[in-house]
Structure formats: structure tokens, C-alpha cells
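Here the structure is laid out as C-alpha cells; the discussion comes afterwards.
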Amino acid sequence: MTSEKQLKYDRAYLKMAYEWGKLSHCSRKQVGALIVKGRMIISDGFNGTPSGFDNCCEDENGVTKWEVLHAEANAILKVASSTQSCAGATLYITLSPCKECSKLVHQAGIKRVVYAAAYKDTSGLDFLAKAGVELKHLPYE
């Protein structure tokens with residue numbers, strides 16, 4: 001695929017990830033993620049509490065609760081409970097993976113990450129680069 005055509009797809013999938021993030025009940029930050037393989041969306045996710053828990057993501061002080069799952073973790077977990085595989089896929093995410101989620105991204109076999117904004121701690125990006133995952137920063141327009 002030409003780089004111009006790839007950029008067009010990257011922008012479209014990232015825009016969809018932003019829309020998916022709007023489903024999050026988190027008030028501090030809404031993050032959306034899509035996993036795409038062979039130009040087919042195989043999974044999606046947004047940050048939020050585990051199934052069966054109250055949807056409130058922050059405590060009374062506005063601090064994110066420890067049990068909140070990040071968008072990419074939710075998307076990867078959905079794939080794990082399906083017949084699909086992340087091997088060779090691209091992760092589109094509105095906020096780059098943290099250091100914990102970057103390990104999941106690598107282990108899941110995701111080979112490319114397109115993100116709109118960098119997480120406050122960029123050690124997750126550093127880890128992914130070291131692991132050979134292609135990274136593309138594409139600020140949301």
C-alpha cells in the first residue's frame with residue numbers, strides 16, 4: 001500500500017478510535033483503541049472498569065481507580081476470547097500505551113502502533129521501539 005493511502009487509512013481508523021473512546025465512563029480521560037489486521041477491525045476497546053463493576057472510573061478525589069483497564073488492554077483481551085489473533089496487527093489508539101500495556105501489545109504480536117497523543121510516561125513507547133514495534137505518532141486533526 002502506498003504511504004499516502006496508508007496515511008488515509010491511519011487517519012480514518014484513529015478517528016474511529018476517538019469515537020470509540022467516547023463510550024468510556026471515565027471523566028478524567030477517555031481513550032479508545034482499535035486493532036486492525038488486513039484492513040479489518042478485529043477488536044475494539046475503551047478504558048473502563050471490568051465487567052460487572054460500577055462504571056465510575058475515579059474515586060471521590062478524582063483519582064483513577066486501580067482496577068480500571070486501559071483501552072488497549074480491553075481490546076487485546078477481547079481478541080484473546082475470540083478466534084482471532086493480533087499477530088501482525090496494527091493498534092490504533094488515542095493515547096500511547098503505558099509501560100504495563102506495552103508489554104501486552106508486544107506479547108500479543110502487534111507489529112505497529114498508531115497513536116494520537118503520547119502518554120505522560122513514554123517508557124511504554126521506548127519499550128515498544130526496543131521490541132521492534134513500528135510506532136507512528138499521528139496527532140488528531
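Naming works like this for the C-alpha cells: A, B, ... for the chains as they're shown, residue 1 at the start of each chain, ligands 1 onward in shown order.
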
Can you build me a table of region 70-92 of chain A residues sitting at most 12 Å from region 5-11 of chain A, with the closest atom pair per residue and its distance in Å to one decimal, using only C-alpha atoms, sorted by chain and residue number, as JSON lines?
{"residue": "A:Thr90", "atom": "CA", "partner": "A:Asp10", "partner_atom": "CA", "distance": 9.6}
{"residue": "A:Leu91", "atom": "CA", "partner": "A:Asp10", "partner_atom": "CA", "distance": 10.1}
{"residue": "A:Tyr92", "atom": "CA", "partner": "A:Asp10", "partner_atom": "CA", "distance": 7.8}

Filtering to all heavy atoms, could you give me those residues as a CSV table (one decimal), in the first residue's frame?
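So result-v1.csv came out as:
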chain,number,residue,atom,x,y,z
A,90,THR,N,-2.2,-4.0,13.6
A,90,THR,CA,-1.9,-2.6,14.0
A,90,THR,C,-2.9,-2.2,15.1
A,90,THR,O,-4.1,-2.5,15.0
A,90,THR,CB,-2.1,-1.7,12.8
A,90,THR,OG1,-1.1,-2.0,11.8
A,90,THR,CG2,-1.9,-0.2,13.1
A,91,LEU,N,-2.3,-1.5,16.1
A,91,LEU,CA,-3.2,-1.0,17.2
A,91,LEU,C,-3.3,0.5,16.9
A,91,LEU,O,-2.3,1.2,16.7
A,91,LEU,CB,-2.5,-1.2,18.5
A,91,LEU,CG,-3.1,-0.4,19.7
A,91,LEU,CD1,-4.5,-0.9,20.0
A,91,LEU,CD2,-2.1,-0.5,20.9
A,92,TYR,N,-4.5,1.0,16.8
A,92,TYR,CA,-4.8,2.4,16.7
A,92,TYR,C,-5.3,2.9,18.0
A,92,TYR,O,-6.3,2.3,18.5
A,92,TYR,CB,-5.9,2.7,15.6
A,92,TYR,CG,-5.3,2.4,14.2
A,92,TYR,CD1,-5.5,1.2,13.7
A,92,TYR,CD2,-4.7,3.4,13.5
A,92,TYR,CE1,-5.0,0.9,12.4
A,92,TYR,CE2,-4.2,3.1,12.2
A,92,TYR,CZ,-4.3,1.9,11.7
A,92,TYR,OH,-3.8,1.6,10.5

Contact residues around Ala89 (chain A) with only C-alpha atoms at 6 Å, ignoring same-chain residues under 6 positions, as a ChimeraX atom specification
/A:36-37,110-111

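Taking CA of Val133 (chain A) as the reference point, CA of Ser102 (chain A) is found at 10.0 Å.
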
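Scanning region 21-138 of chain A with DSSP on the backbone, the helix (DSSP H, G or I) assignments fall on Gly21, Ala71, Glu72, Ala73, Asn74, Ala75, Ile76, Leu77, Lys78, Val79, Ala80, Lys99, Glu100, Cys101, Ser102, Lys103, Leu104, Val105, His106, Gln107, Ser123, Gly124, Leu125, Asp126, Phe127, Leu128, Ala129 and Lys130 of chain A.
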
Output N, CA and C atoms for every residue in that selection, as an mmCIF file, in the first residue's frame.
data_model
loop_
_atom_site.group_PDB
_atom_site.id
_atom_site.type_symbol
_atom_site.label_atom_id
_atom_site.label_comp_id
_atom_site.auth_asym_id
_atom_site.auth_seq_id
_atom_site.Cartn_x
_atom_site.Cartn_y
_atom_site.Cartn_z
ATOM 1 N N GLY A 21 -13.614 5.849 22.051
ATOM 2 C CA GLY A 21 -13.245 6.349 23.374
ATOM 3 C C GLY A 21 -14.374 7.111 24.058
ATOM 4 N N ALA A 71 -7.638 1.055 27.428
ATOM 5 C CA ALA A 71 -8.334 0.738 26.180
ATOM 6 C C ALA A 71 -7.661 -0.402 25.415
ATOM 7 N N GLU A 72 -6.322 -0.342 25.296
ATOM 8 C CA GLU A 72 -5.625 -1.379 24.529
ATOM 9 C C GLU A 72 -5.685 -2.730 25.223
ATOM 10 N N ALA A 73 -5.673 -2.740 26.550
ATOM 11 C CA ALA A 73 -5.803 -3.998 27.294
ATOM 12 C C ALA A 73 -7.179 -4.605 27.036
ATOM 13 N N ASN A 74 -8.220 -3.778 27.061
ATOM 14 C CA ASN A 74 -9.566 -4.278 26.774
ATOM 15 C C ASN A 74 -9.653 -4.846 25.359
ATOM 16 N N ALA A 75 -9.062 -4.162 24.389
ATOM 17 C CA ALA A 75 -9.099 -4.639 23.003
ATOM 18 C C ALA A 75 -8.340 -5.956 22.858
ATOM 19 N N ILE A 76 -7.173 -6.057 23.472
ATOM 20 C CA ILE A 76 -6.378 -7.293 23.402
ATOM 21 C C ILE A 76 -7.109 -8.438 24.094
ATOM 22 N N LEU A 77 -7.735 -8.160 25.234
ATOM 23 C CA LEU A 77 -8.476 -9.200 25.947
ATOM 24 C C LEU A 77 -9.668 -9.707 25.139
ATOM 25 N N LYS A 78 -10.309 -8.832 24.384
ATOM 26 C CA LYS A 78 -11.412 -9.262 23.511
ATOM 27 C C LYS A 78 -10.906 -10.236 22.455
ATOM 28 N N VAL A 79 -9.745 -9.951 21.892
ATOM 29 C CA VAL A 79 -9.177 -10.848 20.882
ATOM 30 C C VAL A 79 -8.843 -12.194 21.530
ATOM 31 N N ALA A 80 -8.323 -12.152 22.748
ATOM 32 C CA ALA A 80 -7.933 -13.388 23.433
ATOM 33 C C ALA A 80 -9.127 -14.319 23.658
ATOM 34 N N LYS A 99 3.627 1.705 30.222
ATOM 35 C CA LYS A 99 4.651 0.659 30.234
ATOM 36 C C LYS A 99 4.064 -0.735 30.477
ATOM 37 N N GLU A 100 3.003 -0.826 31.279
ATOM 38 C CA GLU A 100 2.396 -2.136 31.532
ATOM 39 C C GLU A 100 1.679 -2.652 30.291
ATOM 40 N N CYS A 101 0.897 -1.798 29.643
ATOM 41 C CA CYS A 101 0.158 -2.214 28.454
ATOM 42 C C CYS A 101 1.082 -2.462 27.268
ATOM 43 N N SER A 102 2.224 -1.781 27.224
ATOM 44 C CA SER A 102 3.148 -2.002 26.109
ATOM 45 C C SER A 102 3.647 -3.452 26.101
ATOM 46 N N LYS A 103 3.760 -4.052 27.270
ATOM 47 C CA LYS A 103 4.159 -5.465 27.332
ATOM 48 C C LYS A 103 3.076 -6.345 26.716
ATOM 49 N N LEU A 104 1.811 -6.017 26.981
ATOM 50 C CA LEU A 104 0.697 -6.777 26.403
ATOM 51 C C LEU A 104 0.676 -6.627 24.881
ATOM 52 N N VAL A 105 0.899 -5.406 24.415
ATOM 53 C CA VAL A 105 0.911 -5.129 22.979
ATOM 54 C C VAL A 105 1.981 -5.984 22.302
ATOM 55 N N HIS A 106 3.172 -5.992 22.847
ATOM 56 C CA HIS A 106 4.278 -6.778 22.280
ATOM 57 C C HIS A 106 3.973 -8.274 22.318
ATOM 58 N N GLN A 107 3.556 -8.763 23.471
ATOM 59 C CA GLN A 107 3.292 -10.198 23.627
ATOM 60 C C GLN A 107 2.141 -10.664 22.744
ATOM 61 N N SER A 123 7.862 5.619 28.663
ATOM 62 C CA SER A 123 8.654 4.387 28.733
ATOM 63 C C SER A 123 7.965 3.231 27.998
ATOM 64 N N GLY A 124 6.649 3.287 27.860
ATOM 65 C CA GLY A 124 5.945 2.271 27.082
ATOM 66 C C GLY A 124 6.331 2.340 25.615
ATOM 67 N N LEU A 125 6.440 3.550 25.091
ATOM 68 C CA LEU A 125 6.872 3.734 23.703
ATOM 69 C C LEU A 125 8.316 3.295 23.530
ATOM 70 N N ASP A 126 9.152 3.621 24.509
ATOM 71 C CA ASP A 126 10.562 3.211 24.462
ATOM 72 C C ASP A 126 10.679 1.691 24.397
ATOM 73 N N PHE A 127 9.868 1.009 25.220
ATOM 74 C CA PHE A 127 9.875 -0.452 25.252
ATOM 75 C C PHE A 127 9.440 -1.013 23.899
ATOM 76 N N LEU A 128 8.349 -0.479 23.345
ATOM 77 C CA LEU A 128 7.849 -0.981 22.062
ATOM 78 C C LEU A 128 8.867 -0.777 20.946
ATOM 79 N N ALA A 129 9.538 0.373 20.943
ATOM 80 C CA ALA A 129 10.570 0.636 19.936
ATOM 81 C C ALA A 129 11.697 -0.389 20.069
ATOM 82 N N LYS A 130 12.102 -0.657 21.298
ATOM 83 C CA LYS A 130 13.166 -1.640 21.556
ATOM 84 C C LYS A 130 12.736 -3.039 21.109
#

Nearest to Glu58 (chain A): which of A:Cys26, A:Ala117, A:Ala12, A:Tyr140 is it, counting only C-alpha atoms?
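Under the stated criterion, the closest residue is A:Cys26.
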
Grab the CA of Asp59 (chain A) to CA of Asp44 (chain A) distance for me, in Å with one decimal place.
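Straight-line distance from CA of Asp59 (chain A) to CA of Asp44 (chain A) works out to 25.6 Å.
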
Those of region 38-117 of chain A in DSSP strand (DSSP E or B), formatted as a PyMOL selection string
chain A and resi 40-46+48+58+64+69+90-95+112-117

Output of the above residues as a PDB file, in the first residue's frame, restricted to N, CA and C atoms:
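Ended up saving to out.pdb:
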ATOM      1  N   MET A  40      -9.097  -5.059   8.370  1.00  0.00           N
ATOM      2  CA  MET A  40     -10.340  -5.460   9.017  1.00  0.00           C
ATOM      3  C   MET A  40     -10.201  -5.208  10.522  1.00  0.00           C
ATOM      4  N   ILE A  41     -11.177  -4.545  11.103  1.00  0.00           N
ATOM      5  CA  ILE A  41     -11.163  -4.309  12.552  1.00  0.00           C
ATOM      6  C   ILE A  41     -11.477  -5.638  13.236  1.00  0.00           C
ATOM      7  N   ILE A  42     -10.513  -6.124  14.035  1.00  0.00           N
ATOM      8  CA  ILE A  42     -10.732  -7.396  14.722  1.00  0.00           C
ATOM      9  C   ILE A  42     -11.086  -7.201  16.189  1.00  0.00           C
ATOM     10  N   SER A  43     -10.867  -5.979  16.701  1.00  0.00           N
ATOM     11  CA  SER A  43     -11.237  -5.727  18.095  1.00  0.00           C
ATOM     12  C   SER A  43     -11.280  -4.228  18.350  1.00  0.00           C
ATOM     13  N   ASP A  44     -11.920  -3.890  19.452  1.00  0.00           N
ATOM     14  CA  ASP A  44     -12.034  -2.504  19.877  1.00  0.00           C
ATOM     15  C   ASP A  44     -12.022  -2.474  21.397  1.00  0.00           C
ATOM     16  N   GLY A  45     -11.747  -1.322  21.937  1.00  0.00           N
ATOM     17  CA  GLY A  45     -11.765  -1.192  23.390  1.00  0.00           C
ATOM     18  C   GLY A  45     -11.718   0.259  23.804  1.00  0.00           C
ATOM     19  N   PHE A  46     -12.123   0.498  25.025  1.00  0.00           N
ATOM     20  CA  PHE A  46     -12.006   1.820  25.635  1.00  0.00           C
ATOM     21  C   PHE A  46     -11.690   1.610  27.106  1.00  0.00           C
ATOM     22  N   GLY A  48     -12.002   1.609  31.030  1.00  0.00           N
ATOM     23  CA  GLY A  48     -13.146   1.483  31.923  1.00  0.00           C
ATOM     24  C   GLY A  48     -12.959   0.360  32.920  1.00  0.00           C
ATOM     25  N   GLU A  58     -13.274   6.918  38.587  1.00  0.00           N
ATOM     26  CA  GLU A  58     -12.476   7.723  39.520  1.00  0.00           C
ATOM     27  C   GLU A  58     -13.058   7.628  40.922  1.00  0.00           C
ATOM     28  N   THR A  64      -7.955   8.004  39.351  1.00  0.00           N
ATOM     29  CA  THR A  64      -8.394   6.797  38.646  1.00  0.00           C
ATOM     30  C   THR A  64      -8.242   5.582  39.555  1.00  0.00           C
ATOM     31  N   LEU A  69      -9.274  -0.724  33.500  1.00  0.00           N
ATOM     32  CA  LEU A  69      -8.488  -1.310  32.415  1.00  0.00           C
ATOM     33  C   LEU A  69      -8.271  -0.272  31.325  1.00  0.00           C
ATOM     34  N   THR A  90      -2.196  -3.993  13.611  1.00  0.00           N
ATOM     35  CA  THR A  90      -1.914  -2.608  13.971  1.00  0.00           C
ATOM     36  C   THR A  90      -2.880  -2.187  15.068  1.00  0.00           C
ATOM     37  N   LEU A  91      -2.348  -1.525  16.085  1.00  0.00           N
ATOM     38  CA  LEU A  91      -3.159  -0.950  17.156  1.00  0.00           C
ATOM     39  C   LEU A  91      -3.295   0.541  16.890  1.00  0.00           C
ATOM     40  N   TYR A  92      -4.525   1.008  16.798  1.00  0.00           N
ATOM     41  CA  TYR A  92      -4.813   2.441  16.688  1.00  0.00           C
ATOM     42  C   TYR A  92      -5.336   2.875  18.042  1.00  0.00           C
ATOM     43  N   ILE A  93      -4.693   3.875  18.630  1.00  0.00           N
ATOM     44  CA  ILE A  93      -5.061   4.276  19.989  1.00  0.00           C
ATOM     45  C   ILE A  93      -4.908   5.780  20.161  1.00  0.00           C
ATOM     46  N   THR A  94      -5.819   6.356  20.911  1.00  0.00           N
ATOM     47  CA  THR A  94      -5.814   7.807  21.071  1.00  0.00           C
ATOM     48  C   THR A  94      -4.721   8.282  22.022  1.00  0.00           C
ATOM     49  N   LEU A  95      -4.261   7.422  22.919  1.00  0.00           N
ATOM     50  CA  LEU A  95      -3.193   7.753  23.864  1.00  0.00           C
ATOM     51  C   LEU A  95      -2.214   6.584  23.881  1.00  0.00           C
ATOM     52  N   ARG A 112       2.551  -2.893  14.870  1.00  0.00           N
ATOM     53  CA  ARG A 112       2.503  -1.464  14.538  1.00  0.00           C
ATOM     54  C   ARG A 112       1.527  -0.770  15.484  1.00  0.00           C
ATOM     55  N   VAL A 113       1.922   0.401  15.985  1.00  0.00           N
ATOM     56  CA  VAL A 113       1.055   1.196  16.863  1.00  0.00           C
ATOM     57  C   VAL A 113       0.974   2.603  16.302  1.00  0.00           C
ATOM     58  N   VAL A 114      -0.248   3.054  16.046  1.00  0.00           N
ATOM     59  CA  VAL A 114      -0.500   4.416  15.588  1.00  0.00           C
ATOM     60  C   VAL A 114      -1.242   5.109  16.720  1.00  0.00           C
ATOM     61  N   TYR A 115      -0.661   6.191  17.237  1.00  0.00           N
ATOM     62  CA  TYR A 115      -1.257   6.872  18.389  1.00  0.00           C
ATOM     63  C   TYR A 115      -1.351   8.372  18.130  1.00  0.00           C
ATOM     64  N   ALA A 116      -2.352   8.986  18.771  1.00  0.00           N
ATOM     65  CA  ALA A 116      -2.591  10.418  18.564  1.00  0.00           C
ATOM     66  C   ALA A 116      -1.818  11.283  19.544  1.00  0.00           C
ATOM     67  N   ALA A 117      -1.752  10.857  20.792  1.00  0.00           N
ATOM     68  CA  ALA A 117      -1.060  11.634  21.834  1.00  0.00           C
ATOM     69  C   ALA A 117      -0.196  10.697  22.655  1.00  0.00           C
TER      70      ALA A 117
END
